[in-house]
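> Just so it is clear, I am handing over start_19.txt, which has compact mmCIF, C-alpha atoms and all ligand atoms.
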# COMPACT_ATOMS: atom_id res chain seq x y z
CA MET A 579 0.00 0.00 0.00
CA LYS A 580 1.24 3.46 -0.93
CA ILE A 581 0.45 6.50 1.19
CA LEU A 582 0.81 10.23 0.60
CA ILE A 583 0.74 12.60 3.59
CA ILE A 584 0.12 16.32 3.09
CA GLY A 585 1.90 18.68 5.47
CA SER A 586 5.32 19.40 6.95
CA GLY A 587 5.07 19.63 10.72
CA GLY A 588 5.51 17.51 13.80
CA ARG A 589 1.94 16.29 13.42
CA GLU A 590 2.67 14.94 9.94
CA HIS A 591 5.88 13.33 11.23
CA ALA A 592 3.83 11.55 13.91
CA ILE A 593 1.25 10.47 11.31
CA ALA A 594 3.99 9.14 9.00
CA TRP A 595 5.67 7.35 11.92
CA ALA A 596 2.37 5.66 12.87
CA CYS A 597 1.61 4.68 9.26
CA ALA A 598 5.07 3.17 8.82
CA LYS A 599 4.28 0.64 11.56
CA ASN A 600 1.66 -1.04 9.35
CA PRO A 601 3.19 -4.03 7.50
CA ARG A 602 0.89 -3.43 4.51
CA VAL A 603 2.47 -0.04 3.92
CA GLU A 604 5.25 -0.34 1.34
CA LYS A 605 5.86 3.32 0.54
CA ILE A 606 5.13 6.73 2.11
CA TRP A 607 5.53 10.08 0.45
CA CYS A 608 5.09 13.38 2.24
CA ALA A 609 4.47 16.71 0.53
CA PRO A 610 6.33 18.82 1.34
CA GLY A 611 7.64 17.06 4.51
CA ASN A 612 10.76 17.95 6.52
CA ALA A 613 14.18 16.51 7.40
CA GLY A 614 12.80 14.17 10.06
CA ILE A 615 9.96 12.90 7.92
CA ALA A 616 12.60 12.17 5.25
CA GLY A 617 13.82 9.36 7.53
CA ILE A 618 10.62 7.37 6.93
CA ALA A 619 9.03 8.89 3.85
CA GLU A 620 10.16 10.32 0.55
CA CYS A 621 9.61 14.07 0.64
CA VAL A 622 8.02 15.59 -2.43
CA PRO A 623 8.60 19.30 -3.13
CA ILE A 624 4.96 20.19 -3.77
CA GLY A 625 3.24 22.72 -1.52
CA ALA A 626 0.18 21.73 0.52
CA MET A 627 -2.01 24.22 -1.35
CA GLU A 628 -1.05 22.98 -4.83
CA PHE A 629 -4.06 20.70 -5.10
CA GLU A 630 -3.89 19.92 -8.82
CA ARG A 631 -0.19 19.05 -8.69
CA LEU A 632 -0.70 16.91 -5.61
CA ALA A 633 -3.58 15.01 -7.21
CA ALA A 634 -1.53 14.49 -10.38
CA PHE A 635 1.35 13.16 -8.24
CA ALA A 636 -1.00 10.78 -6.44
CA LYS A 637 -2.33 9.46 -9.76
CA GLU A 638 1.06 9.06 -11.41
CA ASN A 639 2.43 7.18 -8.43
CA ALA A 640 -0.65 5.03 -7.84
CA VAL A 641 -1.08 6.34 -4.29
CA ASP A 642 -3.70 4.23 -2.50
CA LEU A 643 -4.47 6.65 0.30
CA THR A 644 -3.78 10.33 0.92
CA ILE A 645 -3.90 11.71 4.47
CA VAL A 646 -4.24 15.48 4.83
CA GLY A 647 -2.66 16.72 8.05
CA MET A 648 -3.14 20.48 7.78
CA ASP A 649 -6.21 22.70 8.05
CA ASP A 650 -5.56 25.14 5.19
CA PRO A 651 -5.78 22.58 2.37
CA LEU A 652 -8.83 20.95 3.98
CA VAL A 653 -10.70 24.23 4.29
CA GLY A 654 -9.54 25.08 0.75
CA GLY A 655 -11.14 21.93 -0.67
CA ILE A 656 -8.24 19.54 -1.36
CA VAL A 657 -10.44 16.56 -0.54
CA ASP A 658 -13.00 17.59 -3.16
CA ILE A 659 -10.28 17.75 -5.83
CA PHE A 660 -8.86 14.36 -4.89
CA LYS A 661 -12.30 12.76 -4.81
CA SER A 662 -13.22 14.21 -8.19
CA GLU A 663 -10.10 12.50 -9.54
CA GLY A 664 -11.23 9.19 -8.04
CA LEU A 665 -8.49 9.22 -5.39
CA ARG A 666 -8.93 7.80 -1.87
CA VAL A 667 -8.34 10.56 0.64
CA PHE A 668 -8.79 10.99 4.39
CA GLY A 669 -10.14 14.31 5.63
CA PRO A 670 -13.34 16.35 5.46
CA ASP A 671 -14.43 17.85 2.16
CA LYS A 672 -14.80 21.60 1.86
CA LYS A 673 -18.43 21.58 2.99
CA ALA A 674 -17.53 19.71 6.17
CA ALA A 675 -14.19 21.44 6.87
CA VAL A 676 -16.16 24.64 7.43
CA LEU A 677 -16.57 23.26 10.96
CA GLU A 678 -13.05 24.64 11.51
CA GLY A 679 -12.95 27.13 8.66
CA SER A 680 -15.73 29.35 9.99
CA LYS A 681 -16.16 29.99 13.68
CA ALA A 682 -19.48 31.70 12.94
CA PHE A 683 -20.70 28.51 11.25
CA SER A 684 -19.57 26.32 14.15
CA LYS A 685 -21.16 28.60 16.76
CA ASP A 686 -24.47 28.64 14.88
CA LEU A 687 -24.32 24.85 14.53
CA MET A 688 -23.77 24.43 18.28
CA LYS A 689 -26.62 26.77 19.07
CA LYS A 690 -29.02 25.07 16.67
CA TYR A 691 -28.23 21.58 17.95
CA ASP A 692 -27.92 22.47 21.63
CA ILE A 693 -24.22 21.65 21.97
CA PRO A 694 -22.77 23.41 25.04
CA THR A 695 -20.57 26.38 24.17
CA ALA A 696 -19.96 30.00 25.22
CA GLU A 697 -22.70 32.59 24.59
CA TYR A 698 -21.88 34.61 21.50
CA HIS A 699 -22.86 37.16 18.87
CA ILE A 700 -21.63 37.49 15.32
CA ALA A 701 -20.59 40.91 14.00
CA ARG A 702 -20.36 41.52 10.27
CA THR A 703 -19.17 45.13 10.51
CA PRO A 704 -17.16 47.14 13.06
CA GLU A 705 -20.35 49.07 13.88
CA GLU A 706 -22.18 45.85 14.70
CA ALA A 707 -19.27 44.85 16.92
CA MET A 708 -19.44 48.15 18.83
CA GLU A 709 -23.17 47.72 19.26
CA ILE A 710 -22.60 44.26 20.75
CA PHE A 711 -19.90 45.53 23.14
CA ALA A 712 -22.41 48.02 24.52
CA HIS A 713 -24.30 45.06 25.96
CA THR A 714 -21.49 42.69 27.04
CA GLY A 715 -19.35 42.54 30.14
CA TYR A 716 -15.56 42.22 30.18
CA PRO A 717 -13.36 40.35 29.57
CA VAL A 718 -14.87 39.47 26.24
CA VAL A 719 -13.43 37.17 23.58
CA LEU A 720 -13.05 38.30 19.99
CA LYS A 721 -12.47 35.68 17.30
CA ALA A 722 -11.73 36.09 13.62
CA ASP A 723 -14.24 33.94 11.76
CA GLY A 724 -11.72 32.25 9.47
CA LEU A 725 -8.35 30.50 9.78
CA ALA A 726 -5.68 32.67 11.38
CA LEU A 727 -2.86 30.26 12.32
CA GLY A 728 -4.34 29.95 15.81
CA LYS A 729 -3.71 33.66 16.40
CA GLY A 730 -7.14 35.09 15.60
CA VAL A 731 -8.48 34.90 19.16
CA LEU A 732 -8.20 38.03 21.32
CA ILE A 733 -9.17 38.21 24.96
CA CYS A 734 -10.16 41.84 25.59
CA GLU A 735 -10.11 43.10 29.16
CA ASP A 736 -11.93 46.38 28.55
CA ALA A 737 -13.77 48.47 26.00
CA TYR A 738 -10.54 50.02 24.76
CA SER A 739 -8.87 46.70 23.91
CA ALA A 740 -12.10 45.41 22.39
CA ARG A 741 -12.16 48.43 20.09
CA GLU A 742 -8.48 47.87 19.22
CA GLY A 743 -9.21 44.20 18.53
CA VAL A 744 -11.98 45.09 16.12
CA ARG A 745 -9.63 47.48 14.35
CA GLU A 746 -6.96 44.78 14.06
CA LEU A 747 -9.25 42.05 12.78
CA MET A 748 -11.93 43.90 10.80
CA GLU A 749 -10.33 47.16 9.64
CA ASP A 750 -6.58 46.49 9.37
CA LYS A 751 -7.41 42.93 8.25
CA LYS A 752 -4.46 41.46 10.12
CA PHE A 753 -5.65 37.99 9.09
CA GLY A 754 -7.10 38.99 5.74
CA SER A 755 -10.62 37.83 4.94
CA ALA A 756 -10.59 35.67 8.11
CA GLY A 757 -11.66 38.90 9.84
CA ASP A 758 -14.59 39.72 7.56
CA GLN A 759 -16.83 38.56 10.39
CA VAL A 760 -15.96 38.19 14.05
CA VAL A 761 -17.46 36.09 16.79
CA ILE A 762 -17.82 37.97 20.07
CA GLU A 763 -17.98 35.50 22.86
CA GLU A 764 -18.49 35.16 26.58
CA PHE A 765 -15.18 34.65 28.43
CA LEU A 766 -15.08 31.24 30.07
CA THR A 767 -12.73 29.97 32.74
CA GLY A 768 -11.69 26.40 33.41
CA ARG A 769 -9.20 23.77 32.39
CA GLU A 770 -8.82 23.12 28.69
CA ILE A 771 -8.75 19.61 27.27
CA SER A 772 -8.14 18.45 23.72
CA VAL A 773 -10.15 15.44 22.59
CA LEU A 774 -9.39 14.17 19.11
CA SER A 775 -11.74 11.77 17.39
CA PHE A 776 -12.05 9.70 14.23
CA VAL A 777 -15.27 10.23 12.28
CA ASP A 778 -16.63 8.34 9.26
CA GLY A 779 -19.62 10.54 8.49
CA LYS A 780 -21.87 8.94 11.10
CA THR A 781 -19.83 7.15 13.77
CA VAL A 782 -17.40 8.98 16.06
CA LYS A 783 -14.69 7.32 18.16
CA THR A 784 -12.64 9.46 20.47
CA MET A 785 -8.91 9.10 21.01
CA ALA A 786 -7.18 9.54 24.37
CA SER A 787 -7.50 13.03 25.87
CA ALA A 788 -4.61 15.49 25.82
CA MET A 789 -3.64 18.82 27.32
CA ASP A 790 -1.98 21.58 25.32
CA HIS A 791 0.25 24.46 26.48
CA LYS A 792 -0.57 27.27 24.09
CA ARG A 793 1.30 30.18 25.63
CA ALA A 794 4.96 30.78 24.74
CA GLY A 795 6.24 31.28 28.29
CA ASP A 796 6.46 29.37 31.56
CA GLY A 797 3.47 29.78 33.85
CA ASP A 798 1.20 30.15 30.80
CA THR A 799 2.43 33.64 30.06
CA GLY A 800 3.29 35.37 26.80
CA LEU A 801 1.81 35.08 23.36
CA ASN A 802 -0.35 32.27 22.04
CA THR A 803 1.55 29.75 19.93
CA GLY A 804 0.61 26.64 17.98
CA GLY A 805 1.41 24.68 21.16
CA MET A 806 4.64 24.43 23.20
CA GLY A 807 4.05 20.98 24.64
CA ASN A 808 1.36 18.48 25.39
CA PHE A 809 0.56 15.40 27.37
CA SER A 810 -1.89 12.54 27.30
CA PRO A 811 -4.06 11.53 29.05
CA SER A 812 -5.40 14.57 30.89
CA PRO A 813 -6.02 13.59 34.52
CA PHE A 814 -8.91 16.08 34.53
CA TYR A 815 -10.81 14.21 31.84
CA THR A 816 -12.71 11.93 34.20
CA PRO A 817 -15.12 9.15 33.20
CA GLU A 818 -18.01 11.44 34.28
CA ILE A 819 -16.83 14.22 31.97
CA ASP A 820 -16.33 11.72 29.18
CA ALA A 821 -19.87 10.42 29.65
CA TYR A 822 -21.28 13.96 29.59
CA CYS A 823 -19.38 14.85 26.41
CA ARG A 824 -20.50 11.64 24.72
CA GLU A 825 -24.10 12.52 25.45
CA HIS A 826 -24.01 16.24 24.69
CA ILE A 827 -21.12 16.94 22.36
CA TYR A 828 -19.41 14.27 20.24
CA GLN A 829 -22.19 12.33 18.54
CA ARG A 830 -24.41 15.39 18.51
CA THR A 831 -21.80 17.29 16.49
CA VAL A 832 -21.38 14.48 13.98
CA ASP A 833 -25.16 14.06 13.64
CA ALA A 834 -25.58 17.82 13.27
CA MET A 835 -23.09 17.95 10.40
CA ALA A 836 -24.87 15.07 8.66
CA ALA A 837 -28.27 16.72 9.21
CA GLU A 838 -26.93 19.92 7.63
CA GLY A 839 -25.93 17.98 4.52
CA ARG A 840 -22.25 18.24 5.47
CA PRO A 841 -21.32 14.73 6.60
CA PHE A 842 -17.87 14.84 8.21
CA THR A 843 -15.20 12.23 7.53
CA GLY A 844 -11.80 12.73 9.10
CA VAL A 845 -10.58 13.88 12.49
CA ILE A 846 -12.63 16.23 14.65
CA PHE A 847 -10.58 17.86 17.36
CA PHE A 848 -12.87 19.01 20.16
CA GLY A 849 -11.26 21.89 22.06
CA LEU A 850 -13.08 21.67 25.40
CA ILE A 851 -13.11 23.80 28.52
CA LEU A 852 -14.31 22.45 31.85
CA THR A 853 -16.38 25.25 33.33
CA GLU A 854 -18.28 25.32 36.60
CA LYS A 855 -21.40 24.69 34.54
CA GLY A 856 -19.89 21.66 32.83
CA PRO A 857 -17.79 21.02 29.74
CA LYS A 858 -18.23 23.36 26.78
CA VAL A 859 -16.81 23.44 23.29
CA LEU A 860 -14.30 26.28 22.76
CA GLU A 861 -13.51 25.34 19.21
CA TYR A 862 -13.55 22.59 16.62
CA ASN A 863 -10.62 21.69 14.42
CA ALA A 864 -11.01 19.49 11.37
CA ARG A 865 -7.66 17.70 11.77
CA PHE A 866 -5.25 16.23 14.31
CA GLY A 867 -3.79 18.76 16.73
CA ASP A 868 -0.15 19.70 16.66
CA PRO A 869 1.41 18.72 19.09
CA GLU A 870 -1.62 16.66 20.23
CA ALA A 871 -0.87 14.06 17.52
CA GLN A 872 2.64 13.67 18.93
CA VAL A 873 1.32 12.44 22.29
CA VAL A 874 -1.87 10.68 21.23
CA LEU A 875 -0.60 8.60 18.28
CA PRO A 876 2.31 7.06 20.23
CA ARG A 877 -0.31 5.75 22.70
CA MET A 878 -2.59 4.30 20.04
CA LYS A 879 -2.55 0.50 19.98
CA THR A 880 -4.94 0.13 17.06
CA ASP A 881 -3.25 0.54 13.72
CA LEU A 882 -3.68 4.08 12.35
CA VAL A 883 -3.94 3.02 8.71
CA ASP A 884 -6.64 0.47 9.57
CA VAL A 885 -8.67 3.12 11.41
CA ILE A 886 -8.27 5.66 8.62
CA GLU A 887 -9.37 3.13 6.02
CA ALA A 888 -12.39 2.26 8.17
CA CYS A 889 -13.31 5.96 8.25
CA VAL A 890 -12.94 6.37 4.50
CA ASP A 891 -15.08 3.24 3.97
CA GLY A 892 -17.76 4.33 6.46
CA LYS A 893 -17.04 1.32 8.68
CA LEU A 894 -15.61 2.92 11.80
CA ASP A 895 -18.22 1.12 13.91
CA GLU A 896 -16.52 -2.19 13.04
CA ILE A 897 -13.12 -1.35 14.46
CA PRO A 898 -12.24 -1.09 18.17
CA LEU A 899 -10.01 1.82 19.11
CA GLU A 900 -7.48 1.01 21.82
CA PHE A 901 -4.88 3.08 23.64
CA SER A 902 -1.96 2.02 25.79
CA GLU A 903 -2.03 2.63 29.54
CA ASP A 904 1.29 4.44 29.24
CA ALA A 905 1.31 8.20 29.54
CA CYS A 906 2.99 10.38 26.98
CA LEU A 907 4.42 13.89 27.21
CA CYS A 908 6.12 16.06 24.65
CA VAL A 909 8.21 19.21 24.97
CA VAL A 910 8.49 21.44 21.94
CA LEU A 911 11.96 22.77 21.20
CA ALA A 912 11.46 26.09 19.45
CA SER A 913 13.62 28.85 18.00
CA ASP A 914 14.06 31.66 20.52
CA GLY A 915 11.68 34.49 19.62
CA TYR A 916 8.88 32.22 18.33
CA PRO A 917 6.03 33.03 17.66
CA VAL A 918 7.14 36.49 16.55
CA LYS A 919 10.63 36.71 15.07
CA TYR A 920 13.39 34.15 15.10
CA GLU A 921 16.45 33.02 13.20
CA LYS A 922 16.79 29.66 11.53
CA GLY A 923 19.38 27.57 9.72
CA PHE A 924 21.28 26.43 12.86
CA PRO A 925 22.74 22.89 12.95
CA ILE A 926 20.99 20.51 15.37
CA SER A 927 22.96 17.94 17.36
CA GLY A 928 21.90 15.02 19.50
CA LEU A 929 19.20 13.63 17.22
CA GLU A 930 21.08 10.33 16.87
CA THR A 931 20.55 9.65 20.60
CA PHE A 932 16.93 8.74 19.80
CA GLU A 933 17.79 6.05 17.26
CA GLY A 934 16.35 2.63 18.05
CA LYS A 935 14.33 3.90 21.02
CA THR A 936 10.61 3.19 21.24
CA ASP A 937 9.88 5.16 24.43
CA GLU A 938 11.73 8.36 23.50
CA LEU A 939 10.84 9.86 20.15
CA VAL A 940 11.74 13.05 18.40
CA PHE A 941 9.21 14.38 15.89
CA HIS A 942 10.48 17.07 13.56
CA ALA A 943 8.41 20.22 13.03
CA GLY A 944 10.66 22.84 11.43
CA THR A 945 13.82 21.15 10.17
CA ALA A 946 15.60 20.97 6.83
CA PHE A 947 18.86 19.70 5.32
CA ASP A 948 21.60 22.20 4.62
CA GLY A 949 23.75 21.91 1.47
CA ASP A 950 25.94 19.28 3.16
CA GLY A 951 23.13 17.04 4.31
CA ASN A 952 23.20 18.21 7.94
CA ILE A 953 19.89 18.76 9.73
CA VAL A 954 19.30 22.43 10.58
CA THR A 955 16.49 24.44 12.16
CA ASN A 956 13.90 25.70 9.71
CA GLY A 957 10.96 27.09 11.66
CA GLY A 958 9.55 28.48 14.90
CA ARG A 959 8.69 25.13 16.34
CA VAL A 960 11.65 22.87 15.54
CA LEU A 961 11.20 19.52 17.31
CA ALA A 962 8.77 17.75 19.62
CA VAL A 963 10.69 15.58 22.07
CA THR A 964 8.30 12.92 23.28
CA ALA A 965 8.51 10.27 25.98
CA LEU A 966 6.29 7.36 26.99
CA ALA A 967 6.27 6.00 30.55
CA PRO A 968 3.89 4.33 33.01
CA THR A 969 2.96 7.65 34.66
CA LEU A 970 2.71 11.27 33.52
CA GLN A 971 5.36 12.27 36.06
CA GLU A 972 7.83 9.75 34.67
CA ALA A 973 7.01 10.71 31.09
CA ARG A 974 7.69 14.33 31.98
CA SER A 975 11.10 13.58 33.59
CA LYS A 976 12.07 11.42 30.65
CA ALA A 977 10.99 13.97 28.04
CA TYR A 978 12.91 16.77 29.76
CA ALA A 979 16.03 14.62 30.13
CA ALA A 980 15.78 13.74 26.44
CA ALA A 981 15.22 17.39 25.51
CA GLU A 982 18.59 18.21 27.12
CA ARG A 983 20.32 15.86 24.69
CA VAL A 984 19.33 17.99 21.71
CA THR A 985 21.10 21.28 21.09
CA PHE A 986 21.01 24.12 18.60
CA ALA A 987 22.09 27.75 18.79
CA ASN A 988 18.81 29.46 19.69
CA LYS A 989 17.01 26.57 21.38
CA TYR A 990 14.04 27.65 23.48
CA MET A 991 11.57 25.56 25.43
CA ARG A 992 9.12 25.89 28.25
CA HIS A 993 10.31 24.25 31.45
CA ASP A 994 6.90 23.61 32.94
CA ILE A 995 5.11 21.39 30.43
CA GLY A 996 2.84 19.16 32.50
CA HIS A 997 2.70 21.49 35.53
CA ALA A 998 -1.00 20.69 35.88
CA ILE A 999 -0.16 17.03 36.54
CA ASP A 1000 0.89 18.01 40.07
CA GLU A 1001 -2.46 19.69 40.71
CA ALA A 1002 -4.52 16.65 39.71
P1 LIG B 1101 -9.72 28.81 19.88
O1 LIG B 1101 -8.85 28.96 18.66
O2 LIG B 1101 -11.13 29.17 19.68
O3 LIG B 1101 -9.51 27.52 20.61
O4 LIG B 1101 -9.09 29.82 20.92
C1 LIG B 1101 -7.73 29.73 21.29
C2 LIG B 1101 -7.60 29.86 22.77
O5 LIG B 1101 -8.22 31.04 23.22
C3 LIG B 1101 -8.29 28.75 23.52
O6 LIG B 1101 -7.51 27.60 23.63
C4 LIG B 1101 -8.54 29.41 24.86
O7 LIG B 1101 -7.37 29.38 25.65
C5 LIG B 1101 -8.84 30.82 24.48
N1 LIG B 1101 -10.31 31.00 24.36
C6 LIG B 1101 -11.06 30.82 23.25
N2 LIG B 1101 -12.36 31.06 23.51
C7 LIG B 1101 -12.44 31.40 24.80
C8 LIG B 1101 -13.51 31.75 25.67
N3 LIG B 1101 -14.77 31.83 25.26
N4 LIG B 1101 -13.22 32.03 26.96
C9 LIG B 1101 -11.93 31.96 27.41
N5 LIG B 1101 -10.88 31.63 26.64
C10 LIG B 1101 -11.12 31.35 25.35
N1 LIG B 1102 -2.35 22.42 19.42
C1 LIG B 1102 -3.53 23.04 19.00
C2 LIG B 1102 -3.90 22.82 17.61
O1 LIG B 1102 -3.36 22.00 16.92
O2 LIG B 1102 -4.82 23.49 17.16
Take the structure in the file and give it back as structure tokens.
Ligand code: AMP
Ligand code: GLY


Amino acid sequence: MKILIIGSGGREHAIAWACAKNPRVEKIWCAPGNAGIAGIAECVPIGAMEFERLAAFAKENAVDLTIVGMDDPLVGGIVDIFKSEGLRVFGPDKKAAVLEGSKAFSKDLMKKYDIPTAEYHIARTPEEAMEIFAHTGYPVVLKADGLALGKGVLICEDAYSAREGVRELMEDKKFGSAGDQVVIEEFLTGREISVLSFVDGKTVKTMASAMDHKRAGDGDTGLNTGGMGNFSPSPFYTPEIDAYCREHIYQRTVDAMAAEGRPFTGVIFFGLILTEKGPKVLEYNARFGDPEAQVVLPRMKTDLVDVIEACVDGKLDEIPLEFSEDACLCVVLASDGYPVKYEKGFPISGLETFEGKTDELVFHAGTAFDGDGNIVTNGGRVLAVTALAPTLQEARSKAYAAAERVTFANKYMRHDIGHAIDEA
């Protein structure tokens, strides 16, 4: 079986690593991939948004299954193009990917189908936004409707910052057309939990829970990032919470999408917050999380390719989904200055210390080869150093010890990934 993976981050490295474990898989390509992915897959220099070229590549090389890791191509309709060419592809089509692609759509869906989420209003003009602020308390949350690299959410403490936020998103168009509409939302407090799930259009099966660390600095300070570390499972995701979410959130979302004529096949990432009034949905993503994939996939006992094929064939109900009892924690090694401004191109050493290990893994996010074939830094998030162990505490110690073995000139990491474990 031949597989093509679309994307170039740590998530796609984890997906490729999991696919490579399947004995039926004879060849993996990744477009465009990175230096770590090149260790298991052949990297193809085609960008993730070049749908026609990617589909032509898949046809020419008789690719049996394409897995789309990233949100942009999904929201842009890559799955529709592949399907129209008769190619087997895993991910939601454009109609379904709107679940992530438009926050206004997802909020309206949740309201219509009684899925717990924050109270909200949608503003289509700056004037409408100001009108809404006149009736809301602070802090208030302002969200660009469309994709904004995870940076389109502003928490505004007062009327002044709300006004500035509207200017940034709707007038200055900091995120382009993503800010044509904004969602203005009630500020919620509570612990956040990431629950990823496989969906085949009608059945949903959740993966193990995870906990992200979105802020750049220790103590959850600084700017929002794509994620500086993660662990799985979350000790706060109790069986009671799971039962509640099964009843009120997961299946209801999948049924709602089908009822709207937008059946969803792929991964739904439920971004949850545990409030005093129960779990609520903060956001949906239409793909694996990054770095959630790096801690959830290493724990998955069921074969990833088998599950993905079951989703594509609408037979997810026939396959049991099992996870190991081991805990997993990953620390992201980033370039100092991420997510704003950073240098790249620095040689990385210590990667060989992971060779042959099954409980200490290093997934590459932003790496490349220099002219001499050495691996160098090539992005804000560079590596996700991941460890598996019987407990979260042990996984954390192991991941941090392993993170020390890797060096590059402007290495930056948080030192408190997993701090919540001690509060559980
Ligand atoms: P989102 O992209 O919608 O998940 O938002 C990114 C982050 O902003 C979330 O992970 C939360 O930390 C925060 N956030 C989003 N919505 C709210 C809300 N209604 N109340 C409090 N924090 C929020
Ligand atoms: N780590 C959060 C995300 O992938 O959206």

> Given all atoms listed in the file as the basis, pick out the residue of A:Cys621, A:Val657, A:Ala786, A:Ala905 nearest to Ile645 (chain A).

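Answer, going by the shortest atom-to-atom distance: A:Val657.
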
> Mind running chain A against ligand LIG 1101 (chain B) at 6 Å and telling me each contacting residue's nearest atom pair with the distance in Å (one decimal), counting all atoms listed in the file, chain and number ascending, as CSV?


residue,atom,partner,partner_atom,distance
A:Ala696,CA,B:LIG1101,N3,5.5
A:Val719,CA,B:LIG1101,N3,5.8
A:Gly728,CA,B:LIG1101,O1,5.4
A:Val731,CA,B:LIG1101,O4,5.4
A:Glu763,CA,B:LIG1101,N3,5.4
A:Glu764,CA,B:LIG1101,N3,5.2
A:Phe765,CA,B:LIG1101,N4,3.6
A:Leu766,CA,B:LIG1101,N4,3.7
A:Thr767,CA,B:LIG1101,C9,5.7
A:Leu860,CA,B:LIG1101,N2,5.2
A:Glu861,CA,B:LIG1101,O2,4.5

> Generate the output file for the selected residues, C-alpha atoms, as a PDB file, keeping the file's coordinate frame.


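Result went into part.pdb, see below:
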ATOM      1  CA  ALA A 696     -19.960  30.000  25.220  1.00  0.00           C
ATOM      2  CA  VAL A 719     -13.430  37.170  23.580  1.00  0.00           C
ATOM      3  CA  GLY A 728      -4.340  29.950  15.810  1.00  0.00           C
ATOM      4  CA  VAL A 731      -8.480  34.900  19.160  1.00  0.00           C
ATOM      5  CA  GLU A 763     -17.980  35.500  22.860  1.00  0.00           C
ATOM      6  CA  GLU A 764     -18.490  35.160  26.580  1.00  0.00           C
ATOM      7  CA  PHE A 765     -15.180  34.650  28.430  1.00  0.00           C
ATOM      8  CA  LEU A 766     -15.080  31.240  30.070  1.00  0.00           C
ATOM      9  CA  THR A 767     -12.730  29.970  32.740  1.00  0.00           C
ATOM     10  CA  LEU A 860     -14.300  26.280  22.760  1.00  0.00           C
ATOM     11  CA  GLU A 861     -13.510  25.340  19.210  1.00  0.00           C
TER      12      GLU A 861
END

> Is it possible to get the axis-aligned box enclosing ligand LIG 1102 (chain B) (all listed atoms, 5 Å extra per side) as JSON, with centre and edge lengths in Å rounded to one decimal?


{"center_x": -3.6, "center_y": 22.7, "center_z": 18.2, "size_x": 12.5, "size_y": 11.5, "size_z": 12.5}

> Could you check which residues have any atom within 9 Å of (-2.8, 0.9, 18.2), counting all atoms listed in the file with coordinates taken straight from the file, and then list them as a ChimeraX atom specification?

/A:596,875-882,899-902

> Could those residues be written to a file, using C-alpha atoms, as a PDB file, in the coordinates of the input?


ATOM      1  CA  ALA A 596       2.370   5.660  12.870  1.00  0.00           C
ATOM      2  CA  LEU A 875      -0.600   8.600  18.280  1.00  0.00           C
ATOM      3  CA  PRO A 876       2.310   7.060  20.230  1.00  0.00           C
ATOM      4  CA  ARG A 877      -0.310   5.750  22.700  1.00  0.00           C
ATOM      5  CA  MET A 878      -2.590   4.300  20.040  1.00  0.00           C
ATOM      6  CA  LYS A 879      -2.550   0.500  19.980  1.00  0.00           C
ATOM      7  CA  THR A 880      -4.940   0.130  17.060  1.00  0.00           C
ATOM      8  CA  ASP A 881      -3.250   0.540  13.720  1.00  0.00           C
ATOM      9  CA  LEU A 882      -3.680   4.080  12.350  1.00  0.00           C
ATOM     10  CA  LEU A 899     -10.010   1.820  19.110  1.00  0.00           C
ATOM     11  CA  GLU A 900      -7.480   1.010  21.820  1.00  0.00           C
ATOM     12  CA  PHE A 901      -4.880   3.080  23.640  1.00  0.00           C
ATOM     13  CA  SER A 902      -1.960   2.020  25.790  1.00  0.00           C
TER      14      SER A 902
END

> Which residues are near Lys689 (chain A)? Cut-off 12 Å, all atoms listed in the file, ignore same chain within fewer than 3 positions. Put them as a PyMOL selection string.

chain A and resi 682-686+692-699+827+830-831+834+858-859

> Would you mind telling me which residue in A:Tyr920, A:Phe947, A:Tyr862, A:Phe753 lies nearest to ligand LIG 1102 (chain B) when using all atoms listed in the file?

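Going through A:Tyr920, A:Phe947, A:Tyr862, A:Phe753 one by one, the smallest distance to ligand LIG 1102 (chain B) is for A:Tyr862.
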
> Taking (8.2, 19.7, 13.0) in the file's own coordinates, collect the residues within 10 Å, counting only C-alpha atoms, and hand them back as number ranges by chain.

A: 585-592, 611-615, 868-869, 910-912, 940-946, 955-962

> Could you tell me which of A:Cys823, A:Ala626, A:Ala788, A:Leu732 comes closest to Leu907 (chain A) if we count all atoms listed in the file?

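Checking each candidate against Leu907 (chain A), we get A:Ala788 as the closest.
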